[in-house]
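> Here you go, this is my_file_23.pdb (PDB, C-alpha atoms).
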ATOM      1  CA  PRO C  99     141.167 153.637 204.824
ATOM      2  CA  PRO C 100     144.946 153.991 204.982
ATOM      3  CA  LEU C 101     146.327 154.148 208.526
ATOM      4  CA  GLU C 102     147.782 157.625 207.868
ATOM      5  CA  THR C 103     144.327 159.106 207.298
ATOM      6  CA  THR C 104     143.199 158.964 210.932
ATOM      7  CA  PRO C 105     146.029 161.055 212.446
ATOM      8  CA  LEU C 106     145.866 163.447 209.482
ATOM      9  CA  ALA C 107     142.122 164.025 209.947
ATOM     10  CA  LYS C 108     142.510 164.374 213.728
ATOM     11  CA  PHE C 109     145.349 166.887 213.290
ATOM     12  CA  ALA C 110     143.306 168.968 210.826
ATOM     13  CA  ASN C 111     140.251 168.955 213.085
ATOM     14  CA  ASP C 112     142.234 169.626 216.291
ATOM     15  CA  ASN C 113     143.988 172.591 214.651
ATOM     16  CA  ASN C 114     140.905 173.944 212.849
ATOM     17  CA  LEU C 115     142.520 173.316 209.434
ATOM     18  CA  PRO C 116     140.746 172.466 206.184
ATOM     19  CA  LEU C 117     141.224 168.927 204.887
ATOM     20  CA  ILE C 118     140.578 167.849 201.294
ATOM     21  CA  ILE C 119     141.541 164.345 200.131
ATOM     22  CA  GLY C 120     141.028 162.865 196.673
ATOM     23  CA  SER C 121     140.624 159.108 196.972
ATOM     24  CA  ASP C 122     139.886 156.037 194.867
ATOM     25  CA  THR C 123     137.956 154.336 197.675
ATOM     26  CA  ASN C 124     136.693 151.276 195.774
ATOM     27  CA  SER C 125     133.707 151.621 198.114
ATOM     28  CA  HIS C 126     130.065 151.703 197.111
ATOM     29  CA  HIS C 127     127.365 153.511 199.058
ATOM     30  CA  THR C 128     123.959 154.832 198.106
ATOM     31  CA  LEU C 129     124.659 158.066 199.989
ATOM     32  CA  TRP C 130     127.229 159.134 197.407
ATOM     33  CA  GLY C 131     125.178 157.968 194.446
ATOM     34  CA  ASN C 132     125.754 154.249 193.916
ATOM     35  CA  ARG C 133     122.817 151.898 193.321
ATOM     36  CA  ILE C 134     123.909 149.672 196.209
ATOM     37  CA  SER C 135     126.113 149.830 199.279
ATOM     38  CA  ASN C 136     128.799 147.257 199.956
ATOM     39  CA  GLU C 137     130.606 146.304 203.155
ATOM     40  CA  ARG C 138     133.547 148.530 202.287
ATOM     41  CA  GLY C 139     131.160 151.464 201.784
ATOM     42  CA  GLU C 140     129.550 150.856 205.184
ATOM     43  CA  GLU C 141     132.986 150.716 206.818
ATOM     44  CA  LEU C 142     133.978 153.976 205.109
ATOM     45  CA  MET C 143     130.778 155.650 206.340
ATOM     46  CA  ASP C 144     131.628 154.541 209.910
ATOM     47  CA  PHE C 145     135.140 155.938 209.429
ATOM     48  CA  PHE C 146     133.776 159.276 208.167
ATOM     49  CA  SER C 147     131.372 159.464 211.084
ATOM     50  CA  SER C 148     134.078 158.731 213.657
ATOM     51  CA  LEU C 149     136.258 161.612 212.382
ATOM     52  CA  GLY C 150     133.641 164.171 211.346
ATOM     53  CA  LEU C 151     134.437 163.704 207.645
ATOM     54  CA  THR C 152     132.129 163.927 204.647
ATOM     55  CA  TRP C 153     132.439 163.962 200.857
ATOM     56  CA  ALA C 154     132.118 166.831 198.413
ATOM     57  CA  ASN C 155     130.842 164.745 195.480
ATOM     58  CA  LYS C 156     127.669 166.119 193.897
ATOM     59  CA  GLY C 157     125.194 164.315 191.665
ATOM     60  CA  ALA C 158     125.255 160.751 190.414
ATOM     61  CA  THR C 159     127.740 160.941 187.538
ATOM     62  CA  PRO C 160     129.990 157.869 187.630
ATOM     63  CA  THR C 161     133.651 158.494 188.423
ATOM     64  CA  PHE C 162     134.665 155.022 187.242
ATOM     65  CA  LEU C 163     133.790 153.569 183.823
ATOM     66  CA  ASN C 164     135.082 150.388 182.286
ATOM     67  CA  SER C 165     134.620 148.494 179.038
ATOM     68  CA  ARG C 166     132.385 145.883 180.709
ATOM     69  CA  GLY C 167     129.800 148.566 181.483
ATOM     70  CA  HIS C 168     130.545 148.625 185.212
ATOM     71  CA  ASN C 169     130.044 152.281 186.114
ATOM     72  CA  SER C 170     130.176 153.486 189.696
ATOM     73  CA  ILE C 171     131.056 156.320 192.023
ATOM     74  CA  ILE C 172     134.149 155.135 193.875
ATOM     75  CA  ASP C 173     136.351 158.229 193.622
ATOM     76  CA  LEU C 174     135.512 160.608 196.447
ATOM     77  CA  THR C 175     136.624 164.079 197.438
ATOM     78  CA  ILE C 176     136.777 163.596 201.203
ATOM     79  CA  THR C 177     136.672 166.666 203.434
ATOM     80  CA  ASN C 178     136.214 167.917 206.942
ATOM     81  CA  GLN C 179     133.823 170.848 207.489
ATOM     82  CA  LYS C 180     136.534 173.477 206.942
ATOM     83  CA  GLY C 181     137.595 171.789 203.700
ATOM     84  CA  GLU C 182     134.028 171.412 202.460
ATOM     85  CA  ASP C 183     133.500 175.158 202.940
ATOM     86  CA  LEU C 184     136.318 175.858 200.458
ATOM     87  CA  ILE C 185     135.068 173.670 197.599
ATOM     88  CA  SER C 186     132.827 175.017 194.858
ATOM     89  CA  ASN C 187     131.922 173.946 191.324
ATOM     90  CA  TRP C 188     132.590 170.259 192.071
ATOM     91  CA  HIS C 189     131.943 168.048 189.036
ATOM     92  CA  VAL C 190     133.055 164.950 187.161
ATOM     93  CA  SER C 191     134.765 166.100 183.974
ATOM     94  CA  ASN C 192     133.933 164.826 180.485
ATOM     95  CA  LEU C 193     137.561 165.320 179.414
ATOM     96  CA  PHE C 194     139.334 162.174 178.220
ATOM     97  CA  SER C 195     141.460 160.898 181.106
ATOM     98  CA  ASN C 196     143.199 157.919 179.440
ATOM     99  CA  SER C 197     141.981 155.875 182.407
ATOM    100  CA  ASP C 198     138.882 154.058 183.571
ATOM    101  CA  HIS C 199     138.640 156.776 186.243
ATOM    102  CA  ARG C 200     137.307 160.175 185.231
ATOM    103  CA  TYR C 201     138.768 163.506 186.248
ATOM    104  CA  ILE C 202     137.154 165.203 189.222
ATOM    105  CA  MET C 203     137.293 168.990 189.036
ATOM    106  CA  PHE C 204     136.497 171.665 191.590
ATOM    107  CA  ASP C 205     137.504 175.154 192.616
ATOM    108  CA  ILE C 206     138.981 176.041 195.965
ATOM    109  CA  THR C 207     137.675 179.378 197.159
ATOM    110  CA  ALA C 208     139.406 181.273 199.950
ATOM    111  CA  GLY C 209     136.415 183.505 200.654
ATOM    112  CA  PRO C 210     132.798 182.577 201.242
ATOM    113  CA  LYS C 211     131.198 180.275 198.688
ATOM    114  CA  LYS C 212     129.565 182.085 195.811
ATOM    115  CA  GLU C 213     127.280 179.331 194.583
ATOM    116  CA  PRO C 214     123.911 179.107 196.300
ATOM    117  CA  LYS C 215     122.697 175.925 197.910
ATOM    118  CA  VAL C 216     119.886 174.358 195.904
ATOM    119  CA  ILE C 217     117.050 172.741 197.821
ATOM    120  CA  ARG C 218     113.528 171.663 196.954
ATOM    121  CA  LEU C 219     110.752 172.506 199.381
ATOM    122  CA  VAL C 220     108.181 169.710 199.386
ATOM    123  CA  LYS C 221     105.437 172.213 200.225
ATOM    124  CA  ASN C 222     106.025 173.822 196.781
ATOM    125  CA  THR C 223     105.446 170.565 194.870
ATOM    126  CA  ASP C 224     102.822 170.536 192.132
ATOM    127  CA  TRP C 225     101.353 167.136 193.056
ATOM    128  CA  ASP C 226      99.085 167.012 190.008
ATOM    129  CA  LYS C 227     102.126 167.355 187.758
ATOM    130  CA  PHE C 228     104.029 164.765 189.847
ATOM    131  CA  ASN C 229     101.150 162.262 189.543
ATOM    132  CA  LYS C 230     100.792 162.891 185.785
ATOM    133  CA  ILE C 231     104.496 162.232 185.202
ATOM    134  CA  LEU C 232     104.218 158.972 187.130
ATOM    135  CA  ALA C 233     101.024 157.968 185.312
ATOM    136  CA  ASP C 234     102.690 158.638 181.938
ATOM    137  CA  SER C 235     105.740 156.548 182.843
ATOM    138  CA  ASP C 236     106.056 152.830 182.139
ATOM    139  CA  LEU C 237     105.962 152.096 185.877
ATOM    140  CA  VAL C 238     102.190 151.593 185.811
ATOM    141  CA  ASN C 239     102.496 148.560 183.550
ATOM    142  CA  PRO C 240     103.853 145.643 185.639
ATOM    143  CA  GLY C 241     104.470 143.643 182.456
ATOM    144  CA  ASN C 242     107.358 145.979 181.632
ATOM    145  CA  HIS C 243     109.424 144.590 184.500
ATOM    146  CA  ASN C 244     111.094 141.213 184.958
ATOM    147  CA  LEU C 245     110.829 140.572 188.697
ATOM    148  CA  ASN C 246     111.870 136.919 188.529
ATOM    149  CA  SER C 247     115.572 137.520 189.256
ATOM    150  CA  THR C 248     117.669 139.713 191.507
ATOM    151  CA  THR C 249     118.995 141.517 188.425
ATOM    152  CA  GLY C 250     115.453 142.206 187.243
ATOM    153  CA  ILE C 251     114.424 143.455 190.683
ATOM    154  CA  ASP C 252     117.518 145.682 190.884
ATOM    155  CA  GLU C 253     116.718 147.134 187.457
ATOM    156  CA  ALA C 254     113.081 147.738 188.416
ATOM    157  CA  VAL C 255     114.087 149.435 191.677
ATOM    158  CA  GLU C 256     116.606 151.619 189.838
ATOM    159  CA  LYS C 257     113.924 152.561 187.282
ATOM    160  CA  LEU C 258     111.480 153.339 190.111
ATOM    161  CA  ASN C 259     114.030 155.535 191.911
ATOM    162  CA  THR C 260     114.999 157.340 188.701
ATOM    163  CA  THR C 261     111.363 157.931 187.730
ATOM    164  CA  LEU C 262     110.381 159.189 191.193
ATOM    165  CA  GLN C 263     113.391 161.521 191.303
ATOM    166  CA  HIS C 264     112.659 162.850 187.815
ATOM    167  CA  ALA C 265     108.972 163.406 188.660
ATOM    168  CA  PHE C 266     109.867 165.222 191.876
ATOM    169  CA  GLU C 267     112.482 167.427 190.180
ATOM    170  CA  GLN C 268     109.993 168.349 187.457
ATOM    171  CA  ALA C 269     107.115 169.000 189.871
ATOM    172  CA  CYS C 270     109.011 170.770 192.647
ATOM    173  CA  PRO C 271     110.919 173.902 191.623
ATOM    174  CA  PRO C 272     114.368 174.445 193.104
ATOM    175  CA  THR C 273     114.897 177.078 195.781
ATOM    176  CA  TYR C 274     118.288 178.770 195.994
ATOM    177  CA  ILE C 275     119.759 179.707 199.357
ATOM    178  CA  THR C 276     122.817 181.925 199.651
ATOM    179  CA  ASN C 277     125.102 182.529 202.599
ATOM    180  CA  SER C 278     125.075 186.269 202.062
ATOM    181  CA  VAL C 279     123.449 188.487 204.648
ATOM    182  CA  ARG C 280     121.618 191.522 203.350
ATOM    183  CA  LYS C 281     121.533 194.682 205.447
TER     184      LYS C 281
END
For this file, write the structure as structure tokens.

Amino acid sequence: PPLETTPLAKFANDNNLPLIIGSDTNSHHTLWGNRISNERGEELMDFFSSLGLTWANKGATPTFLNSRGHNSIIDLTITNQKGEDLISNWHVSNLFSNSDHRYIMFDITAGPKKEPKVIRLVKNTDWDKFNKILADSDLVNPGNHNLNSTTGIDEAVEKLNTTLQHAFEQACPPTYITNSVRK
């Protein structure tokens, strides 16, 4: 990260100020949606941890697309806790950006967040439905996967992760949690 980021983050945290930074990090990490993590991504995670920073990115929509088919999530909205509390409706836009980087859009809300937090409670999972989705997928046929190369293994692992996530999302209904307190 740029040298100026450390004193800026420390100042914001020391003075209880929100911090929101838009950055082309050129870093890959599975925690913000990439298939793999690289050394730069690991270093950025250590940096975030040392300063109490996080990222506001949601989902796994690529922020970087190029003509060679290399799509990744390298553009991050970096925040401290106060900054994260202000961001709502974060998304990667489908608008044409005239760049290989896509627009990142979000709202900054001065009051409490309006959108509920979405979680999935494992105890609510319909395991029969989960197992049926997996059984109906092409994962059960080992002949569908080329496991003789690192590329083939990567593709099979990505397919496995995608299929498991899809099955879980279909079999476990979302639960919405709001910050509002009812009297």
> With only C-alpha atoms as the basis for distance, which of C:Asp224, C:Glu253, C:Asp183, C:Glu141 is at the shortest distance from His126 in chain C?
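With only C-alpha atoms as the atom set, the closest residue is C:Glu141.
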> Nearest to Tyr274 in chain C among C:Lys227, C:Lys221, C:Lys215, C:Lys257, with distances taken over all atoms listed in the file: which residue is it?
C:Lys215
> Which protein, DNA or RNA residues have an atom at most 12 Å from (131.4, 163.0, 210.3), counting all atoms listed in the file? List them as a PyMOL selection string.
chain C and resi 107-108+111+142-153+176-179+182
> Could you write out as JSON the box around range 189-207 of chain C (axis-aligned, all atoms listed in the file, 6 Å on each side), with centre and edge lengths in Å to one decimal?

{"center_x": 137.6, "center_y": 166.7, "center_z": 187.7, "size_x": 23.3, "size_y": 37.3, "size_z": 30.9}
> Can you turn the PyMOL selection byres ((chain C and resi 158-167) around 6) into a concrete residue list for this file, as a list in words?
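When the PyMOL selection byres ((chain C and resi 158-167) around 6) is applied to the shown file, the picked residues are Gly131, Gly157, His168, Asn169, Ser170, Ile171, Asp173, Asp198, His199 and Arg200 of chain C.
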> Expanded to explicit residues, what is the PyMOL selection byres ((chain C and resi 270) around 8) for this file, as an MDAnalysis selection string?
chainID C and resid 218:220 222:224 266:269 271:272
> Convert the current residue selection to file output with C-alpha atoms, as an mmCIF file, in the frame of the given file.

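Result saved to result16.cif:
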data_model
loop_
_atom_site.group_PDB
_atom_site.id
_atom_site.type_symbol
_atom_site.label_atom_id
_atom_site.label_comp_id
_atom_site.auth_asym_id
_atom_site.auth_seq_id
_atom_site.Cartn_x
_atom_site.Cartn_y
_atom_site.Cartn_z
ATOM 1 C CA ARG C 218 113.528 171.663 196.954
ATOM 2 C CA LEU C 219 110.752 172.506 199.381
ATOM 3 C CA VAL C 220 108.181 169.710 199.386
ATOM 4 C CA ASN C 222 106.025 173.822 196.781
ATOM 5 C CA THR C 223 105.446 170.565 194.870
ATOM 6 C CA ASP C 224 102.822 170.536 192.132
ATOM 7 C CA PHE C 266 109.867 165.222 191.876
ATOM 8 C CA GLU C 267 112.482 167.427 190.180
ATOM 9 C CA GLN C 268 109.993 168.349 187.457
ATOM 10 C CA ALA C 269 107.115 169.000 189.871
ATOM 11 C CA PRO C 271 110.919 173.902 191.623
ATOM 12 C CA PRO C 272 114.368 174.445 193.104
#
> Counting all atoms listed in the file, what is within 12 Å of range 235-237 of chain C, bar same-chain residues fewer than 3 positions away, as a list of chain:residue names?
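Here the qualifying residues turn out to be C:Phe228, C:Asn229, C:Lys230, C:Ile231, C:Leu232, C:Pro240, C:Gly241, C:Asn242, C:His243, C:Glu253, C:Ala254, C:Val255, C:Glu256, C:Lys257, C:Leu258, C:Asn259, C:Thr260, C:Thr261, C:Leu262, C:His264, C:Ala265.
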> Identify, on the basis of only C-alpha atoms, every residue whose closest approach to Ser186 in chain C does not exceed 6 Å; exclude the query and any residue fewer than 2 positions from it along the same chain; express the result as a list in words.
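These residues fall inside the cut-off: Trp188, Phe204 and Asp205 of chain C.
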> What is the distance, in Å and to one decimal place, between CA of Ala208 in chain C and CA of Leu184 in chain C?
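Taking CA of Ala208 in chain C and CA of Leu184 in chain C, their separation equals 6.3 Å.
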> Got a sec to resolve the PyMOL selection byres ((chain C and resi 119) around 9) on this structure and send the residues as a ChimeraX atom specification?
/C:117-118,120-121,174-177
> Write the residues of the selection above to a file with C-alpha atoms, as a CSV table (one decimal), in the coordinates of the input.

chain,number,residue,atom,x,y,z
C,117,LEU,CA,141.2,168.9,204.9
C,118,ILE,CA,140.6,167.8,201.3
C,120,GLY,CA,141.0,162.9,196.7
C,121,SER,CA,140.6,159.1,197.0
C,174,LEU,CA,135.5,160.6,196.4
C,175,THR,CA,136.6,164.1,197.4
C,176,ILE,CA,136.8,163.6,201.2
C,177,THR,CA,136.7,166.7,203.4
> How far is it from CA of Thr128 in chain C to CA of Gly250 in chain C, in Å with one decimal?
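Calculated distance between CA of Thr128 in chain C and CA of Gly250 in chain C is 18.7 Å.
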> Between CA of Ile202 in chain C and CA of Leu101 in chain C, what is the distance in Å, rounded to a tenth?
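Between CA of Ile202 in chain C and CA of Leu101 in chain C the gap works out to 24.1 Å.
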> With distances taken over only C-alpha atoms, which residue among C:Ile172, C:Asn196, C:Asp234, C:Glu102 lies nearest Asn136 in chain C?
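With only C-alpha atoms as the atom set, the closest residue is C:Ile172.
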